[in-house]
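Asks: Got a file for you: query01.txt, compact mmCIF, C-alpha atoms.
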# COMPACT_ATOMS: atom_id res chain seq x y z
CA MET A 1 11.07 -17.29 7.94
CA ALA A 2 10.13 -14.34 5.73
CA SER A 3 9.25 -11.09 7.47
CA PRO A 4 5.81 -9.49 7.22
CA LEU A 5 5.75 -6.64 4.72
CA ALA A 6 3.83 -3.37 4.77
CA GLY A 7 3.40 -0.21 2.71
CA ALA A 8 1.69 3.06 3.62
CA ASP A 9 0.67 6.31 1.99
CA GLY A 10 -0.88 9.42 3.48
CA CYS A 11 -4.46 10.16 2.48
CA LYS A 12 -7.32 12.45 3.53
CA GLY A 13 -8.50 9.88 6.07
CA GLY A 14 -5.04 9.47 7.63
CA TRP A 15 -2.82 6.69 6.29
CA ILE A 16 -3.81 3.77 4.07
CA LEU A 17 -1.82 0.74 5.22
CA VAL A 18 -1.48 -2.42 3.12
CA GLN A 19 0.24 -5.56 4.37
CA VAL A 20 1.12 -9.16 3.59
CA ALA A 21 2.07 -11.76 6.19
CA HIS A 22 4.82 -12.94 3.85
CA PRO A 23 5.66 -12.57 0.15
CA GLY A 24 2.84 -14.01 -1.94
CA ALA A 25 0.25 -13.84 0.86
CA PRO A 26 -3.08 -11.99 0.35
CA VAL A 27 -2.98 -8.22 0.83
CA THR A 28 -4.81 -6.88 3.87
CA HIS A 29 -5.59 -3.22 4.44
CA VAL A 30 -6.62 -0.76 7.13
CA LEU A 31 -7.18 2.99 7.31
CA CYS A 32 -5.16 4.47 10.18
CA PRO A 33 -6.03 7.93 11.59
CA ASP A 34 -2.43 8.81 12.45
CA ALA A 35 1.15 7.59 12.22
CA ALA A 36 1.17 6.20 15.76
CA THR A 37 -1.75 3.92 14.86
CA LEU A 38 0.00 3.02 11.62
CA LEU A 39 3.05 1.75 13.51
CA ALA A 40 0.88 -0.01 16.08
CA ARG A 41 -1.03 -1.87 13.34
CA THR A 42 2.09 -3.35 11.76
CA PRO A 43 3.88 -6.34 13.35
CA ARG A 44 7.04 -5.39 15.22
CA ASP A 45 9.11 -7.47 12.79
CA ALA A 46 7.46 -6.05 9.66
CA VAL A 47 9.44 -4.18 7.02
CA LEU A 48 7.41 -1.02 6.39
CA GLY A 49 7.84 1.20 3.36
CA ILE A 50 6.32 4.64 3.91
CA ASP A 51 5.95 7.50 1.46
CA ILE A 52 7.26 10.30 3.66
CA PRO A 53 10.70 11.88 4.13
CA ILE A 54 12.70 10.27 6.94
CA GLY A 55 15.88 11.93 8.15
CA ILE A 56 15.62 15.72 8.03
CA SER A 57 18.43 17.98 6.90
CA ASP A 58 19.40 21.03 8.95
CA ARG A 59 20.61 23.09 6.01
CA ASP A 60 21.09 21.43 2.63
CA ARG A 61 18.86 19.66 0.18
CA ARG A 62 18.92 15.93 0.75
CA ALA A 63 21.03 13.99 -1.74
CA ALA A 64 18.25 11.37 -1.77
CA GLU A 65 15.86 13.81 -3.42
CA VAL A 66 18.47 15.18 -5.80
CA GLU A 67 19.29 11.71 -7.14
CA CYS A 68 15.71 10.46 -7.14
CA LYS A 69 14.57 13.47 -9.17
CA ARG A 70 17.39 12.87 -11.64
CA ALA A 71 16.42 9.20 -12.04
CA LEU A 72 12.71 9.94 -12.58
CA GLY A 73 13.17 12.27 -15.54
CA SER A 74 9.71 13.35 -16.70
CA ARG A 75 8.22 12.37 -13.33
CA ARG A 76 10.80 14.33 -11.31
CA SER A 77 8.22 16.89 -10.15
CA SER A 78 6.61 14.15 -8.05
CA VAL A 79 9.59 14.38 -5.67
CA PHE A 80 9.13 17.38 -3.38
CA TRP A 81 12.07 19.11 -1.76
CA SER A 82 11.59 18.29 1.92
CA PRO A 83 11.72 21.00 4.58
CA VAL A 84 14.74 21.58 6.77
CA ARG A 85 14.29 20.75 10.44
CA ALA A 86 13.79 24.37 11.50
CA ALA A 87 10.64 24.54 9.37
CA LEU A 88 8.95 21.40 10.72
CA ASP A 89 6.84 23.10 13.36
CA ALA A 90 5.84 26.16 11.32
CA THR A 91 2.08 26.66 11.20
CA THR A 92 1.86 28.72 8.01
CA HIS A 93 3.46 28.39 4.62
CA GLU A 94 4.83 31.91 4.92
CA ASP A 95 6.62 31.06 8.17
CA ALA A 96 7.85 27.68 6.91
CA ASN A 97 9.15 29.25 3.71
CA ALA A 98 10.99 31.96 5.66
CA ARG A 99 12.54 29.46 8.09
CA ASN A 100 13.58 27.19 5.24
CA ARG A 101 15.16 30.08 3.38
CA ASP A 102 16.99 31.33 6.48
CA ALA A 103 18.48 27.88 7.15
CA SER A 104 19.23 26.73 3.62
CA GLY A 105 18.91 29.68 1.26
CA LEU A 106 16.05 27.79 -0.44
CA GLY A 107 12.32 28.29 -0.29
CA LEU A 108 9.70 25.64 0.51
CA SER A 109 6.91 24.79 -1.91
CA ALA A 110 3.27 24.86 -0.85
CA GLN A 111 3.01 21.13 -1.66
CA ALA A 112 5.88 20.33 0.68
CA PHE A 113 4.48 22.57 3.41
CA HIS A 114 1.14 20.74 3.33
CA ILE A 115 2.81 17.46 4.32
CA THR A 116 5.20 19.03 6.84
CA TRP A 117 2.94 18.04 9.75
CA ARG A 118 3.06 14.42 8.56
CA ILE A 119 6.85 14.57 8.31
CA ALA A 120 7.08 15.96 11.85
CA GLU A 121 4.70 13.27 13.14
CA VAL A 122 6.76 10.41 11.72
CA ASP A 123 10.04 12.05 12.68
CA ALA A 124 9.00 12.31 16.35
CA LEU A 125 7.89 8.67 16.45
CA LEU A 126 11.08 7.32 14.90
CA ARG A 127 13.38 9.45 17.04
CA ALA A 128 11.60 8.09 20.12
CA ASP A 129 11.71 4.41 19.09
CA ALA A 130 14.95 2.95 17.74
CA ARG A 131 13.30 -0.36 16.95
CA ALA A 132 10.68 1.34 14.82
CA ALA A 133 13.34 3.43 13.11
CA ALA A 134 15.18 0.25 12.12
CA ARG A 135 12.16 -1.26 10.33
CA VAL A 136 10.51 1.81 8.79
CA HIS A 137 11.99 2.89 5.46
CA GLU A 138 11.39 5.90 3.26
CA VAL A 139 10.14 5.01 -0.20
CA HIS A 140 8.90 7.00 -3.17
CA PRO A 141 6.04 5.44 -5.17
CA GLU A 142 7.08 6.90 -8.52
CA ALA A 143 10.57 5.50 -8.08
CA GLY A 144 8.98 2.20 -7.12
CA PHE A 145 6.77 2.16 -10.20
CA ALA A 146 9.78 2.95 -12.39
CA ALA A 147 11.68 0.04 -10.84
CA LEU A 148 8.68 -2.25 -11.38
CA ASN A 149 8.58 -1.04 -14.99
CA GLY A 150 12.15 -2.10 -15.74
CA GLY A 151 13.66 1.25 -14.80
CA VAL A 152 11.35 3.31 -17.02
CA PRO A 153 9.30 6.08 -15.30
CA MET A 154 5.55 6.19 -15.81
CA ARG A 155 4.33 8.06 -18.88
CA HIS A 156 1.32 9.77 -17.30
CA PRO A 157 0.65 11.58 -13.99
CA LYS A 158 -0.89 9.37 -11.32
CA LYS A 159 -4.10 11.40 -10.94
CA ARG A 160 -5.10 11.00 -14.59
CA ALA A 161 -7.08 7.99 -15.79
CA GLU A 162 -4.25 6.97 -18.13
CA GLY A 163 -1.74 7.18 -15.30
CA GLN A 164 -3.84 5.09 -12.96
CA ALA A 165 -4.39 2.51 -15.69
CA GLU A 166 -0.67 2.06 -16.36
CA ARG A 167 0.09 1.76 -12.63
CA ARG A 168 -2.74 -0.72 -12.06
CA ALA A 169 -1.48 -2.82 -14.97
CA LEU A 170 1.97 -3.02 -13.35
CA LEU A 171 0.59 -3.96 -9.92
CA ALA A 172 -2.02 -6.49 -11.09
CA PRO A 173 0.39 -9.43 -11.55
CA VAL A 174 2.12 -8.66 -8.24
CA PHE A 175 -0.96 -8.17 -6.06
CA PRO A 176 -3.87 -9.72 -7.99
CA GLY A 177 -7.20 -8.06 -7.24
CA ALA A 178 -5.78 -6.00 -4.37
CA PHE A 179 -6.49 -2.58 -5.83
CA GLU A 180 -10.10 -3.46 -6.61
CA ARG A 181 -10.77 -4.88 -3.13
CA ILE A 182 -9.24 -1.87 -1.40
CA ARG A 183 -11.03 0.59 -3.69
CA GLU A 184 -14.40 -0.95 -2.75
CA ALA A 185 -13.66 -0.70 0.98
CA TYR A 186 -13.27 3.09 1.30
CA LEU A 187 -14.94 6.28 0.18
CA ALA A 188 -12.94 8.30 -2.32
CA ARG A 189 -13.09 11.28 0.03
CA GLU A 190 -11.16 9.20 2.59
CA VAL A 191 -8.77 7.33 0.32
CA ALA A 192 -8.15 8.38 -3.29
CA SER A 193 -7.32 5.80 -5.93
CA ASP A 194 -3.79 7.15 -6.34
CA ASP A 195 -3.27 6.75 -2.57
CA ILE A 196 -4.10 3.05 -2.90
CA LEU A 197 -1.75 2.65 -5.84
CA ASP A 198 1.04 4.45 -3.98
CA ALA A 199 0.56 2.28 -0.88
CA LEU A 200 0.77 -0.88 -2.99
CA ALA A 201 3.92 0.46 -4.68
CA ALA A 202 5.36 1.07 -1.20
CA LEU A 203 4.49 -2.51 -0.26
CA TRP A 204 6.27 -3.81 -3.35
CA THR A 205 9.32 -1.73 -2.47
CA ALA A 206 9.21 -3.12 1.09
CA SER A 207 9.55 -6.60 -0.41
CA ARG A 208 12.68 -5.44 -2.24
CA ILE A 209 14.09 -3.88 0.93
CA ALA A 210 13.53 -7.17 2.79
CA ALA A 211 15.18 -9.12 -0.03
CA GLY A 212 18.14 -6.73 -0.25
CA THR A 213 17.38 -5.83 -3.88
CA ALA A 214 16.00 -2.30 -3.52
CA ARG A 215 17.62 0.61 -5.30
CA HIS A 216 18.88 3.37 -3.01
CA PHE A 217 19.07 7.13 -3.46
CA PRO A 218 21.80 8.26 -2.97
CA ALA A 219 23.59 5.19 -4.25
CA GLY A 220 26.32 3.60 -2.19
CA GLN A 221 25.99 5.78 0.89
CA THR A 222 23.72 6.37 3.88
CA PRO A 223 23.75 10.02 4.95
CA ARG A 224 22.10 10.58 8.33
CA ASP A 225 20.53 13.53 10.05
CA ARG A 226 21.58 14.88 13.44
CA TYR A 227 19.50 12.19 15.20
CA GLY A 228 21.01 9.34 13.21
CA LEU A 229 17.99 8.75 10.98
CA PRO A 230 18.97 7.72 7.43
CA MET A 231 18.25 10.17 4.62
CA VAL A 232 17.76 7.49 1.96
CA ILE A 233 14.93 6.83 -0.51
CA HIS A 234 14.35 3.18 -1.44
CA ALA A 235 12.82 1.94 -4.68
As structure tokens, please, write out the structure in this file.

Replies:
Amino acid sequence: MASPLAGADGCKGGWILVQVAHPGAPVTHVLCPDAATLLARTPRDAVLGIDIPIGISDRDRRAAEVECKRALGSRRSSVFWSPVRAALDATTHEDANARNRDASGLGLSAQAFHITWRIAEVDALLRADARAAARVHEVHPEAGFAALNGGVPMRHPKKRAEGQAERRALLAPVFPGAFERIREAYLAREVASDDILDALAALWTASRIAAGTARHFPAGQTPRDRYGLPMVIHA
């Protein structure tokens, strides 16, 4: 029997979670205030694709991000360099940047710092629950959209009208009417349209993970962090 599938993306209201009971089933959705609720709202046998770094390096840049950036070409800036573990609990960008530079010789962007608390939240949950760690997989929406588009990255940024139109056009045959239903259910100040699109892309990638057809960055290997969590991006 096919596993339930889920995809999630962080948003201002917490996490937007989209799910199907099995491939081809209607998409359901829920806004979760935190990552613990996100995991609790997915079936224990669900394959969950989540747009957040999993597996945190102590010193070096993750090969997953290096290869994913290379594959995305013009959309490579959508892949942030994730923080090293020493920077996860920093409370200011200045502190996080200094810790990151001390450990790796590399600074930390403001964009990456602003999701560091989300990374730390997911990291703590997965380190504490081996079963959850086995079913939750790091994805990157732009890599997912490129895969859905025959390996060609999107032409426009996701926050522009043209970018949202091209992503919606790709998703429409896969999840008919899902974007429109989800868009109507939430205020834009809670869930932005690009958050919905990214969550649906994560759901599509989850279906590829379950089927064994997902692309992996880095290819052909599974580097792990000091806690055994894989440092792999799926698309």

Asks: Excluding same-chain residues fewer than 6 positions from A:Leu126, what lies within 9 Å of it counting only C-alpha atoms, as a PDB file with C-alpha atoms, in the coordinates of the input?

Replies:
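The new file out-v5.pdb reads:
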ATOM      1  CA  ILE A  54      12.700  10.270   6.940  1.00  0.00           C
ATOM      2  CA  ALA A 132      10.680   1.340  14.820  1.00  0.00           C
ATOM      3  CA  ALA A 133      13.340   3.430  13.110  1.00  0.00           C
ATOM      4  CA  ALA A 134      15.180   0.250  12.120  1.00  0.00           C
ATOM      5  CA  VAL A 136      10.510   1.810   8.790  1.00  0.00           C
ATOM      6  CA  LEU A 229      17.990   8.750  10.980  1.00  0.00           C
TER       7      LEU A 229
END

Asks: Write out as CSV the residues of stretch 27-109 of chain A that have any atom within 10 Å of an atom of stretch 193-212 of chain A, one row each with the nearest atom pair and its distance in Å to one decimal, counting only C-alpha atoms, sorted by chain and then rising number.

Replies:
residue,atom,partner,partner_atom,distance
A:Val27,CA,A:Leu200,CA,9.1
A:His29,CA,A:Ile196,CA,9.8
A:Ala46,CA,A:Ala206,CA,9.2
A:Val47,CA,A:Ala206,CA,6.0
A:Leu48,CA,A:Ala206,CA,6.0
A:Gly49,CA,A:Ala206,CA,5.1
A:Ile50,CA,A:Ala202,CA,6.3
A:Asp51,CA,A:Ala202,CA,7.0

Asks: Using only C-alpha atoms for the distances, tell me which of A:Leu108, A:Val20, A:Glu190, A:Pro83 is nearest to A:Ala2.

Replies: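 For A:Ala2, the nearest of the candidates is A:Val20.
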
Asks: Set the distance at 9 Å and use only C-alpha atoms: which residues neighbour stretch 144-153 of chain A once local chain neighbours fewer than 5 positions away are removed? I'd like the list as JSON, numbers by chain.

Replies: {"A": [71, 72, 73, 74, 75, 139, 167, 170, 171, 198, 201, 202, 204, 205, 214, 215, 234, 235]}

Asks: May I have the residues within 12 Å of A:Ala185 as a list in words, using only C-alpha atoms and disregarding those fewer than 4 positions away in the same chain?

Replies: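 So the residues in contact are Ile16, Thr28, His29, Val30, Leu31, Ala178, Phe179, Glu180, Arg181, Glu190, Val191, Ala192, Ser193 and Ile196 of chain A.
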